[in-house]
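Asker: I am sharing final_15.cif, which consists of mmCIF, C-alpha atoms:
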```
data_target
loop_
_atom_site.group_PDB
_atom_site.id
_atom_site.type_symbol
_atom_site.label_atom_id
_atom_site.label_comp_id
_atom_site.auth_asym_id
_atom_site.auth_seq_id
_atom_site.Cartn_x
_atom_site.Cartn_y
_atom_site.Cartn_z
ATOM 1 C CA MET A 924 5.058 -29.625 29.455
ATOM 2 C CA ALA A 925 5.263 -33.332 28.520
ATOM 3 C CA LEU A 926 2.424 -32.976 26.034
ATOM 4 C CA ARG A 927 4.127 -30.028 24.289
ATOM 5 C CA MET A 928 7.375 -32.028 24.033
ATOM 6 C CA VAL A 929 5.592 -35.050 22.520
ATOM 7 C CA THR A 930 3.815 -32.836 20.003
ATOM 8 C CA ARG A 931 7.136 -31.289 18.980
ATOM 9 C CA ASN A 932 8.728 -34.710 18.599
ATOM 10 C CA LEU A 933 5.868 -36.001 16.441
ATOM 11 C CA ARG A 934 6.027 -32.893 14.297
ATOM 12 C CA SER A 935 9.758 -33.327 13.869
ATOM 13 C CA LYS A 936 9.312 -36.991 12.881
ATOM 14 C CA PHE A 937 6.466 -36.655 10.390
ATOM 15 C CA TRP A 938 6.767 -33.047 9.128
ATOM 16 C CA PRO A 939 9.135 -33.801 6.228
ATOM 17 C CA ARG A 940 6.788 -36.507 4.933
ATOM 18 C CA PHE A 941 3.575 -34.506 4.992
ATOM 19 C CA ALA A 942 4.656 -30.864 4.669
ATOM 20 C CA PRO A 943 4.328 -29.128 1.297
ATOM 21 C CA ALA A 944 7.645 -29.350 -0.520
ATOM 22 C CA TYR A 945 8.173 -25.580 -0.580
ATOM 23 C CA MET A 946 8.023 -25.348 3.229
ATOM 24 C CA LEU A 947 11.019 -27.647 3.585
ATOM 25 C CA HIS A 948 13.293 -25.068 2.013
ATOM 26 C CA SER A 949 11.689 -21.634 2.458
ATOM 27 C CA HIS A 950 9.450 -19.590 4.695
ATOM 28 C CA ALA A 951 5.744 -19.401 4.003
ATOM 29 C CA THR A 952 3.711 -16.216 3.768
ATOM 30 C CA SER A 953 0.095 -15.379 3.083
ATOM 31 C CA PHE A 954 -1.422 -14.817 -0.333
ATOM 32 C CA GLY A 955 -4.925 -14.002 0.726
ATOM 33 C CA PHE A 956 -5.994 -16.987 2.814
ATOM 34 C CA GLN A 957 -3.456 -19.282 1.130
ATOM 35 C CA GLU A 958 0.009 -20.070 2.446
ATOM 36 C CA VAL A 959 2.630 -19.775 -0.293
ATOM 37 C CA PRO A 960 6.452 -19.698 -0.382
ATOM 38 C CA GLU A 961 7.848 -16.196 0.122
ATOM 39 C CA GLU A 962 9.703 -16.267 -3.167
ATOM 40 C CA GLU A 963 6.443 -16.941 -5.030
ATOM 41 C CA LYS A 964 4.245 -14.231 -3.490
ATOM 42 C CA SER A 965 5.724 -11.320 -5.425
ATOM 43 C CA LYS A 966 5.079 -13.073 -8.734
ATOM 44 C CA MET A 967 1.546 -14.033 -7.735
ATOM 45 C CA VAL A 968 0.688 -10.482 -6.640
ATOM 46 C CA GLY A 969 2.239 -9.228 -9.874
ATOM 47 C CA ASN A 970 -0.101 -11.459 -11.842
ATOM 48 C CA VAL A 971 -3.078 -10.055 -9.938
ATOM 49 C CA PHE A 972 -2.211 -6.453 -10.741
ATOM 50 C CA THR A 973 -1.293 -7.227 -14.339
ATOM 51 C CA SER A 974 -4.785 -8.691 -14.641
ATOM 52 C CA VAL A 975 -6.605 -5.760 -13.006
ATOM 53 C CA ALA A 976 -4.495 -2.845 -14.304
ATOM 54 C CA SER A 977 -6.774 -1.790 -17.180
ATOM 55 C CA ASN A 978 -9.890 -1.805 -14.951
ATOM 56 C CA TYR A 979 -8.216 -0.665 -11.742
ATOM 57 C CA ASP A 980 -9.741 2.809 -11.494
ATOM 58 C CA VAL A 981 -13.219 1.736 -12.606
ATOM 59 C CA MET A 982 -13.207 -1.072 -10.047
ATOM 60 C CA ASN A 983 -12.032 1.281 -7.291
ATOM 61 C CA ASP A 984 -15.008 3.537 -8.031
ATOM 62 C CA LEU A 985 -17.445 0.637 -8.041
ATOM 63 C CA MET A 986 -16.079 -1.138 -4.952
ATOM 64 C CA SER A 987 -15.925 2.011 -2.800
ATOM 65 C CA ALA A 988 -18.879 3.885 -4.339
ATOM 66 C CA GLY A 989 -16.358 6.584 -5.251
ATOM 67 C CA LEU A 990 -15.201 7.056 -1.661
ATOM 68 C CA HIS A 991 -11.589 6.145 -2.529
ATOM 69 C CA ARG A 992 -11.316 9.599 -4.102
ATOM 70 C CA LEU A 993 -12.159 11.281 -0.796
ATOM 71 C CA TRP A 994 -9.785 8.983 1.091
ATOM 72 C CA LYS A 995 -6.927 9.925 -1.236
ATOM 73 C CA GLU A 996 -7.782 13.615 -0.896
ATOM 74 C CA ARG A 997 -7.558 13.213 2.871
ATOM 75 C CA LEU A 998 -4.180 11.480 2.523
ATOM 76 C CA VAL A 999 -2.799 14.341 0.438
ATOM 77 C CA SER A 1000 -4.186 16.984 2.794
ATOM 78 C CA LYS A 1001 -2.329 15.314 5.685
ATOM 79 C CA LEU A 1002 0.868 15.325 3.593
ATOM 80 C CA ASN A 1003 0.575 19.094 3.070
ATOM 81 C CA PRO A 1004 2.616 19.194 -0.185
ATOM 82 C CA PHE A 1005 4.735 22.239 -1.024
ATOM 83 C CA PRO A 1006 6.459 23.593 -4.147
ATOM 84 C CA GLY A 1007 9.971 22.261 -4.617
ATOM 85 C CA MET A 1008 9.391 19.071 -2.657
ATOM 86 C CA LYS A 1009 10.835 15.715 -3.631
ATOM 87 C CA HIS A 1010 8.149 13.150 -2.940
ATOM 88 C CA LEU A 1011 8.005 9.374 -3.365
ATOM 89 C CA ASP A 1012 4.671 7.655 -3.953
ATOM 90 C CA VAL A 1013 5.155 3.884 -3.709
ATOM 91 C CA ALA A 1014 2.815 1.311 -5.295
ATOM 92 C CA GLY A 1015 1.230 4.270 -7.033
ATOM 93 C CA GLY A 1016 1.379 3.061 -10.616
ATOM 94 C CA THR A 1017 -1.891 4.494 -11.913
ATOM 95 C CA GLY A 1018 -0.939 7.937 -10.606
ATOM 96 C CA ASP A 1019 -4.039 8.623 -8.513
ATOM 97 C CA VAL A 1020 -2.158 9.913 -5.462
ATOM 98 C CA ALA A 1021 0.712 11.495 -7.412
ATOM 99 C CA PHE A 1022 -1.691 13.530 -9.554
ATOM 100 C CA ARG A 1023 -3.414 14.873 -6.466
ATOM 101 C CA ILE A 1024 -0.101 15.837 -4.884
ATOM 102 C CA LEU A 1025 1.042 17.626 -8.018
ATOM 103 C CA GLU A 1026 -2.283 19.413 -8.445
ATOM 104 C CA SER A 1027 -2.149 20.518 -4.801
ATOM 105 C CA ILE A 1028 1.343 21.926 -5.337
ATOM 106 C CA ASN A 1029 0.299 23.691 -8.548
ATOM 107 C CA SER A 1030 -2.662 25.178 -6.709
ATOM 108 C CA THR A 1031 -0.324 26.454 -3.998
ATOM 109 C CA ARG A 1032 1.905 28.054 -6.620
ATOM 110 C CA HIS A 1033 -1.004 30.043 -8.011
ATOM 111 C CA SER A 1034 -2.331 31.181 -4.653
ATOM 112 C CA GLY A 1035 -0.653 33.299 -2.007
ATOM 113 C CA LEU A 1036 3.044 32.405 -1.885
ATOM 114 C CA GLN A 1037 4.247 35.124 0.433
ATOM 115 C CA ASP A 1038 4.860 32.656 3.258
ATOM 116 C CA MET A 1039 6.720 30.107 1.117
ATOM 117 C CA PRO A 1040 10.531 30.013 1.581
ATOM 118 C CA GLU A 1041 12.365 31.339 -1.489
ATOM 119 C CA ASP A 1042 14.513 28.200 -1.723
ATOM 120 C CA ASN A 1043 11.404 26.041 -2.143
ATOM 121 C CA LEU A 1044 10.026 28.215 -4.922
ATOM 122 C CA GLN A 1045 13.291 27.972 -6.893
ATOM 123 C CA GLN A 1046 13.574 24.169 -6.620
ATOM 124 C CA ALA A 1047 11.919 21.930 -9.173
ATOM 125 C CA THR A 1048 9.122 19.810 -7.767
ATOM 126 C CA GLN A 1049 9.571 16.099 -8.411
ATOM 127 C CA ILE A 1050 7.000 13.429 -7.620
ATOM 128 C CA PHE A 1051 8.465 9.949 -8.073
ATOM 129 C CA VAL A 1052 5.857 7.289 -8.806
ATOM 130 C CA SER A 1053 7.276 3.868 -7.981
ATOM 131 C CA ASP A 1054 5.563 0.581 -8.748
ATOM 132 C CA ILE A 1055 6.820 -2.965 -9.179
ATOM 133 C CA ASN A 1056 4.279 -3.632 -11.929
ATOM 134 C CA PRO A 1057 5.028 -2.165 -15.397
ATOM 135 C CA ASN A 1058 1.394 -2.557 -16.490
ATOM 136 C CA MET A 1059 0.216 -0.303 -13.678
ATOM 137 C CA LEU A 1060 2.889 2.261 -14.576
ATOM 138 C CA SER A 1061 1.770 2.181 -18.222
ATOM 139 C CA VAL A 1062 -1.770 3.032 -17.149
ATOM 140 C CA GLY A 1063 -0.447 5.909 -15.017
ATOM 141 C CA LYS A 1064 1.717 7.339 -17.802
ATOM 142 C CA MET A 1065 -1.217 7.245 -20.207
ATOM 143 C CA ARG A 1066 -3.484 8.991 -17.702
ATOM 144 C CA ALA A 1067 -0.828 11.653 -17.003
ATOM 145 C CA HIS A 1068 -0.465 12.336 -20.737
ATOM 146 C CA GLU A 1069 -4.246 12.657 -21.130
ATOM 147 C CA ARG A 1070 -4.312 15.203 -18.298
ATOM 148 C CA GLY A 1071 -1.244 17.098 -19.470
ATOM 149 C CA LEU A 1072 0.517 16.440 -16.166
ATOM 150 C CA GLY A 1073 4.213 15.931 -15.608
ATOM 151 C CA GLU A 1074 5.374 17.022 -19.041
ATOM 152 C CA ASP A 1075 7.784 19.429 -17.316
ATOM 153 C CA GLY A 1076 9.538 16.528 -15.572
ATOM 154 C CA SER A 1077 7.631 16.940 -12.326
ATOM 155 C CA LEU A 1078 6.406 13.339 -12.562
ATOM 156 C CA VAL A 1079 9.056 10.618 -12.669
ATOM 157 C CA TRP A 1080 7.962 7.014 -13.249
ATOM 158 C CA VAL A 1081 10.095 4.325 -11.614
ATOM 159 C CA GLU A 1082 9.720 0.561 -11.849
ATOM 160 C CA GLY A 1083 10.930 -0.709 -8.498
ATOM 161 C CA ASP A 1084 10.392 -2.880 -5.443
ATOM 162 C CA ALA A 1085 9.070 -1.247 -2.270
ATOM 163 C CA GLU A 1086 11.254 -3.619 -0.250
ATOM 164 C CA ALA A 1087 14.464 -2.455 -1.978
ATOM 165 C CA LEU A 1088 14.098 1.113 -3.234
ATOM 166 C CA ASN A 1089 16.598 2.506 -5.698
ATOM 167 C CA PHE A 1090 16.808 5.859 -3.895
ATOM 168 C CA GLU A 1091 19.587 7.422 -1.831
ATOM 169 C CA ASP A 1092 19.395 7.717 1.948
ATOM 170 C CA ASP A 1093 17.716 10.922 3.188
ATOM 171 C CA SER A 1094 16.674 11.906 -0.334
ATOM 172 C CA VAL A 1095 12.908 12.621 -0.273
ATOM 173 C CA ASP A 1096 10.718 15.015 1.684
ATOM 174 C CA GLY A 1097 7.664 12.781 1.809
ATOM 175 C CA TYR A 1098 6.604 9.172 1.279
ATOM 176 C CA THR A 1099 3.110 7.851 0.562
ATOM 177 C CA ILE A 1100 1.792 4.374 -0.114
ATOM 178 C CA ALA A 1101 -1.915 3.851 -0.810
ATOM 179 C CA PHE A 1102 -3.539 0.420 -0.953
ATOM 180 C CA GLY A 1103 -0.181 -1.215 -1.608
ATOM 181 C CA ILE A 1104 1.544 -2.271 1.577
ATOM 182 C CA ARG A 1105 -0.765 -5.206 2.313
ATOM 183 C CA ASN A 1106 0.402 -6.826 -0.952
ATOM 184 C CA VAL A 1107 4.115 -6.935 -0.120
ATOM 185 C CA THR A 1108 5.943 -9.984 1.219
ATOM 186 C CA HIS A 1109 7.773 -8.239 4.087
ATOM 187 C CA ILE A 1110 5.974 -5.206 5.547
ATOM 188 C CA GLU A 1111 8.894 -4.505 7.894
ATOM 189 C CA LYS A 1112 11.291 -4.157 4.931
ATOM 190 C CA VAL A 1113 8.983 -1.651 3.251
ATOM 191 C CA LEU A 1114 8.807 0.422 6.431
ATOM 192 C CA SER A 1115 12.581 0.258 6.887
ATOM 193 C CA GLU A 1116 13.128 1.443 3.314
ATOM 194 C CA ALA A 1117 10.622 4.270 3.788
ATOM 195 C CA HIS A 1118 12.510 5.429 6.861
ATOM 196 C CA ARG A 1119 15.864 5.173 5.068
ATOM 197 C CA VAL A 1120 14.962 7.317 2.044
ATOM 198 C CA LEU A 1121 13.130 10.046 3.950
ATOM 199 C CA LYS A 1122 14.983 13.182 4.984
ATOM 200 C CA LYS A 1123 14.926 14.208 8.635
ATOM 201 C CA GLY A 1124 11.584 15.847 9.217
ATOM 202 C CA GLY A 1125 10.067 13.853 6.369
ATOM 203 C CA ARG A 1126 6.655 12.273 6.754
ATOM 204 C CA PHE A 1127 5.498 8.720 6.087
ATOM 205 C CA LEU A 1128 1.819 8.268 5.205
ATOM 206 C CA CYS A 1129 0.013 5.019 4.463
ATOM 207 C CA LEU A 1130 -3.591 4.708 3.298
ATOM 208 C CA GLU A 1131 -4.775 1.116 3.575
ATOM 209 C CA LEU A 1132 -7.915 -0.951 3.908
ATOM 210 C CA SER A 1133 -8.086 -1.977 7.534
ATOM 211 C CA HIS A 1134 -10.247 -3.592 10.219
ATOM 212 C CA VAL A 1135 -13.822 -2.807 11.219
ATOM 213 C CA GLU A 1136 -14.552 -3.335 14.913
ATOM 214 C CA ASN A 1137 -18.286 -2.564 15.190
ATOM 215 C CA PRO A 1138 -19.943 -6.027 15.174
ATOM 216 C CA ALA A 1139 -23.087 -5.064 13.242
ATOM 217 C CA PHE A 1140 -21.211 -3.075 10.622
ATOM 218 C CA LYS A 1141 -18.526 -5.762 10.392
ATOM 219 C CA GLN A 1142 -21.121 -8.389 9.521
ATOM 220 C CA LEU A 1143 -22.480 -6.194 6.722
ATOM 221 C CA TYR A 1144 -18.952 -5.325 5.534
ATOM 222 C CA ASP A 1145 -17.912 -8.987 5.458
ATOM 223 C CA TYR A 1146 -20.939 -9.895 3.373
ATOM 224 C CA TYR A 1147 -20.220 -7.086 0.941
ATOM 225 C CA SER A 1148 -16.523 -7.977 0.764
ATOM 226 C CA PHE A 1149 -16.845 -11.698 0.143
ATOM 227 C CA SER A 1150 -20.100 -11.834 -1.820
ATOM 228 C CA VAL A 1151 -20.375 -8.572 -3.741
ATOM 229 C CA ILE A 1152 -16.819 -7.458 -4.582
ATOM 230 C CA PRO A 1153 -15.697 -10.717 -6.275
ATOM 231 C CA ALA A 1154 -18.978 -10.736 -8.222
ATOM 232 C CA ILE A 1155 -18.332 -7.170 -9.426
ATOM 233 C CA GLY A 1156 -14.806 -8.217 -10.393
ATOM 234 C CA GLU A 1157 -16.172 -11.091 -12.459
ATOM 235 C CA LEU A 1158 -18.842 -8.935 -14.108
ATOM 236 C CA VAL A 1159 -16.736 -5.851 -14.895
ATOM 237 C CA ALA A 1160 -13.194 -7.160 -15.199
ATOM 238 C CA GLY A 1161 -13.867 -10.816 -15.980
ATOM 239 C CA ASP A 1162 -11.630 -11.740 -13.052
ATOM 240 C CA ARG A 1163 -13.260 -13.035 -9.888
ATOM 241 C CA ASN A 1164 -10.131 -14.643 -8.435
ATOM 242 C CA SER A 1165 -8.046 -11.451 -8.323
ATOM 243 C CA TYR A 1166 -10.725 -9.599 -6.392
ATOM 244 C CA GLN A 1167 -11.238 -12.576 -4.093
ATOM 245 C CA TYR A 1168 -7.526 -12.310 -3.265
ATOM 246 C CA LEU A 1169 -7.783 -8.552 -2.684
ATOM 247 C CA VAL A 1170 -10.621 -9.073 -0.186
ATOM 248 C CA GLU A 1171 -8.754 -11.852 1.615
ATOM 249 C CA SER A 1172 -5.553 -9.787 1.788
ATOM 250 C CA ILE A 1173 -7.385 -7.132 3.807
ATOM 251 C CA ARG A 1174 -8.298 -9.674 6.479
ATOM 252 C CA LYS A 1175 -4.678 -10.846 6.727
ATOM 253 C CA PHE A 1176 -3.309 -7.316 7.187
ATOM 254 C CA PRO A 1177 -2.333 -6.279 10.745
ATOM 255 C CA SER A 1178 -4.811 -4.373 12.896
ATOM 256 C CA GLN A 1179 -4.511 -0.599 13.180
ATOM 257 C CA GLU A 1180 -2.699 -0.818 16.522
ATOM 258 C CA LYS A 1181 -0.351 -3.573 15.380
ATOM 259 C CA PHE A 1182 0.546 -1.740 12.187
ATOM 260 C CA ALA A 1183 1.175 1.457 14.175
ATOM 261 C CA SER A 1184 3.605 -0.446 16.397
ATOM 262 C CA MET A 1185 5.402 -1.785 13.310
ATOM 263 C CA ILE A 1186 5.836 1.766 12.009
ATOM 264 C CA ALA A 1187 7.295 2.840 15.356
ATOM 265 C CA GLU A 1188 9.629 -0.174 15.363
ATOM 266 C CA ALA A 1189 10.939 0.962 11.969
ATOM 267 C CA GLY A 1190 12.202 4.152 13.636
ATOM 268 C CA PHE A 1191 9.354 6.596 13.043
ATOM 269 C CA GLU A 1192 8.139 8.912 15.779
ATOM 270 C CA LYS A 1193 4.802 10.591 16.524
ATOM 271 C CA VAL A 1194 3.073 7.589 14.965
ATOM 272 C CA GLU A 1195 -0.698 7.921 14.744
ATOM 273 C CA TYR A 1196 -3.608 6.705 12.685
ATOM 274 C CA GLU A 1197 -7.024 7.938 11.624
ATOM 275 C CA ASN A 1198 -9.900 5.561 10.912
ATOM 276 C CA LEU A 1199 -12.229 6.406 8.055
ATOM 277 C CA VAL A 1200 -15.676 4.816 7.578
ATOM 278 C CA ALA A 1201 -15.433 3.010 10.938
ATOM 279 C CA GLY A 1202 -12.093 1.418 10.066
ATOM 280 C CA VAL A 1203 -12.824 0.261 6.535
ATOM 281 C CA VAL A 1204 -9.700 2.262 5.776
ATOM 282 C CA ALA A 1205 -7.069 3.877 7.974
ATOM 283 C CA ILE A 1206 -4.393 6.487 7.385
ATOM 284 C CA HIS A 1207 -1.224 5.824 9.388
ATOM 285 C CA SER A 1208 1.510 8.411 9.681
ATOM 286 C CA GLY A 1209 4.919 8.889 11.240
ATOM 287 C CA LEU A 1210 7.780 11.367 11.194
ATOM 288 C CA LYS A 1211 11.509 10.750 10.777
ATOM 289 C CA PHE A 1212 13.655 12.712 13.221
#
```
Please express the file's structure as structure tokens.
Answerer:
Amino acid sequence: MALRMVTRNLRSKFWPRFAPAYMLHSHATSFGFQEVPEEEKSKMVGNVFTSVASNYDVMNDLMSAGLHRLWKERLVSKLNPFPGMKHLDVAGGTGDVAFRILESINSTRHSGLQDMPEDNLQQATQIFVSDINPNMLSVGKMRAHERGLGEDGSLVWVEGDAEALNFEDDSVDGYTIAFGIRNVTHIEKVLSEAHRVLKKGGRFLCLELSHVENPAFKQLYDYYSFSVIPAIGELVAGDRNSYQYLVESIRKFPSQEKFASMIAEAGFEKVEYENLVAGVVAIHSGLKF
């Protein structure tokens, strides 16, 4: 007890002299393995994604050996999209998840619809793609135009912050976020906003790089993450630092169990997760009742 009190007193006496200036006036948060002021993280992450936007899809293919496509297909299959739904895909600027949702809905429209409620068939499907980074949205809009998707208004592009969504309460049927939530400053605010905008019965789904537990595989995965991925980033995108941050941000993200508890604390029920590739990625889900 006495030792803890002395330590506190010494910290109180010398902290202002030796602490970084930003910590005297604001909270710190992680940017990869660095500690930075909260108000700076958003800008720093924005710089990362502005830098990688033009090579984002190519790098995803290279880093995951194309597996990210299967992971996103699995995410959409768990969402079970339907015609007439209003869906929000957050941090989805390049459109990868939104395109899959829309294509799934279009496929449903052209297959057997006898079991689909008439009200759903008469409503216009709208997939809102929200991203804080305008460069990522520009890439997504260009890709949508090339594919001839969303020209009927079914894709809506929104520049916005996941921590403060510009959507009404109880306004969307589904919410997805893929490879985005580990880059935010306050995960709990993102989860709270997701819960707020979802209608009752709506589903939250998060696809995110997560934690490998198997010791042998973890050793191999760590080597690949810290030695190979930044090197690929430097070779292909001319940007080693951004991909070094992306690797570090995975290690700072909560474990599968911890993140599941955070989702439940935000008000979601029936929270569960599915590990893919031994935990390299995980899909978390929850329902709003």
Asker: Quick one: which residues end up in the PyMOL selection byres ((chain A and resi 1098) around 7) for this structure, as a list in words?
Answerer: His1010, Leu1011, Asp1012, Gly1097, Thr1099, Ile1100, Ala1117, Arg1126, Phe1127 and Leu1128 of chain A
Asker: I would like the residues chosen by the PyMOL selection byres ((chain A and resi 1197) around 7) on the shown file; could you give them as number ranges by chain?
Answerer: A: 1196, 1198-1199, 1205-1207
Asker: Quick one: distance from atom CA of Ser987 of chain A to atom CA of Tyr1146 of chain A in Å, one decimal?
Answerer: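 Those two atoms sit 14.3 Å apart.
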Asker: Can you list what the PyMOL selection byres ((chain A and resi 1005) around 8) grabs from this structure, as a list in words?
Answerer: Asn1003, Pro1004, Pro1006, Gly1007, Met1008, Ile1028, Thr1031 and Asn1043 of chain A
Asker: Find the spatial neighbours of segment 1150-1160 of chain A, counting only C-alpha atoms, within a cut-off of 12 Å - ignore same-chain residues fewer than 2 positions away - and output them as a ChimeraX atom specification.
Answerer: /A:971-988,1142-1148,1162-1171
Asker: Pick out the residues sitting within 8 Å of Gly1103 of chain A, and hand them over as a list in words; count all atoms listed in the file, and ignore anything fewer than 2 positions along from it in its own chain.
Answerer: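 Here the qualifying residues turn out to be Val1013, Ala1014, Gly1015, Ile1100, Ala1101, Arg1105, Asn1106, Val1107 and Glu1131 of chain A.
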Asker: In Å, how far is it from atom CA of Lys966 of chain A to atom CA of Ile1186 of chain A?
Answerer: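 Interatomic distance, atom CA of Lys966 of chain A to atom CA of Ile1186 of chain A: 25.5 Å.
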Asker: Any idea what the distance is between atom CA of Ala1183 of chain A and atom CA of Met1059 of chain A?
Answerer: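 Computing it gives 27.9 Å between the two atoms.
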Asker: Please provide as a VMD selection string all residues within 10 Å of Arg1119 of chain A, with the sequence filter that same-chain residues fewer than 6 positions apart are discarded (counting only C-alpha atoms).
Answerer: chain A and resid 1088 1090 to 1095 1113 1189 to 1190 1211
Asker: Could you give me, as a PyMOL selection string, the residues within 9 Å of Glu1086 of chain A, counting only C-alpha atoms and dropping anything in the same chain fewer than 3 positions from it?
Answerer: chain A and resi 1083+1107-1117
Asker: Can you work out which one of A:Asn1058, A:Ala1087, A:Phe1212, A:Ser1077 has the shortest atom-to-atom distance to Ile1024 of chain A, counting all atoms listed in the file?
Answerer: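 Among the listed residues, A:Ser1077 lies closest to Ile1024 of chain A.
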Asker: For Asp1019 of chain A, which residue out of A:Gln1049, A:Leu1132, A:Val1062, A:Asn1056 is the nearest one, using all atoms listed in the file?
Answerer: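 Nearest candidate to Asp1019 of chain A out of A:Gln1049, A:Leu1132, A:Val1062, A:Asn1056: A:Val1062.
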Asker: Please list as a list in words every residue within 9 Å of Lys995 of chain A, counting only C-alpha atoms and excluding residues in the same chain fewer than 4 positions away.
Answerer: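 Counting only C-alpha atoms, the residues come to Leu990, His991, Val999, Ser1000, Asp1019, Val1020, Arg1023, Ala1101 and Leu1130 of chain A.
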Asker: Kindly indicate which residue among A:Thr952, A:Ser1184, A:Asp1075, A:Phe1102 lies nearest to Thr1017 of chain A, using all atoms listed in the file for the distances.
Answerer: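 Nearest to Thr1017 of chain A: A:Phe1102.
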Asker: Determine the nearest neighbour of Arg1066 of chain A from the options A:Ala1021, A:Val1194, A:Leu1002, A:Ile1050, counting all atoms listed in the file.
Answerer: A:Ala1021
Asker: With all atoms listed in the file as the basis for distance, which of A:Lys1123, A:Lys1009, A:Arg1174, A:Arg997 is at the shortest distance from Phe1191 of chain A?
Answerer: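 Ranked by minimum distance to Phe1191 of chain A, first place goes to A:Lys1123.
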Asker: Using 3 Å of padding on each side, determine the axis-aligned box around all atoms of segment 1073-1079 of chain A present in the file and give its centre and edge lengths in Å to one decimal, as JSON.
Answerer:
```
{"center_x": 6.9, "center_y": 15.0, "center_z": -15.7, "size_x": 11.3, "size_y": 14.8, "size_z": 12.7}
```
Asker: When distances are computed from all atoms listed in the file, which of A:Val1203, A:Glu961, A:Gly1016, A:Ile1104 shows the smallest separation from Lys1064 of chain A?
Answerer: A:Gly1016
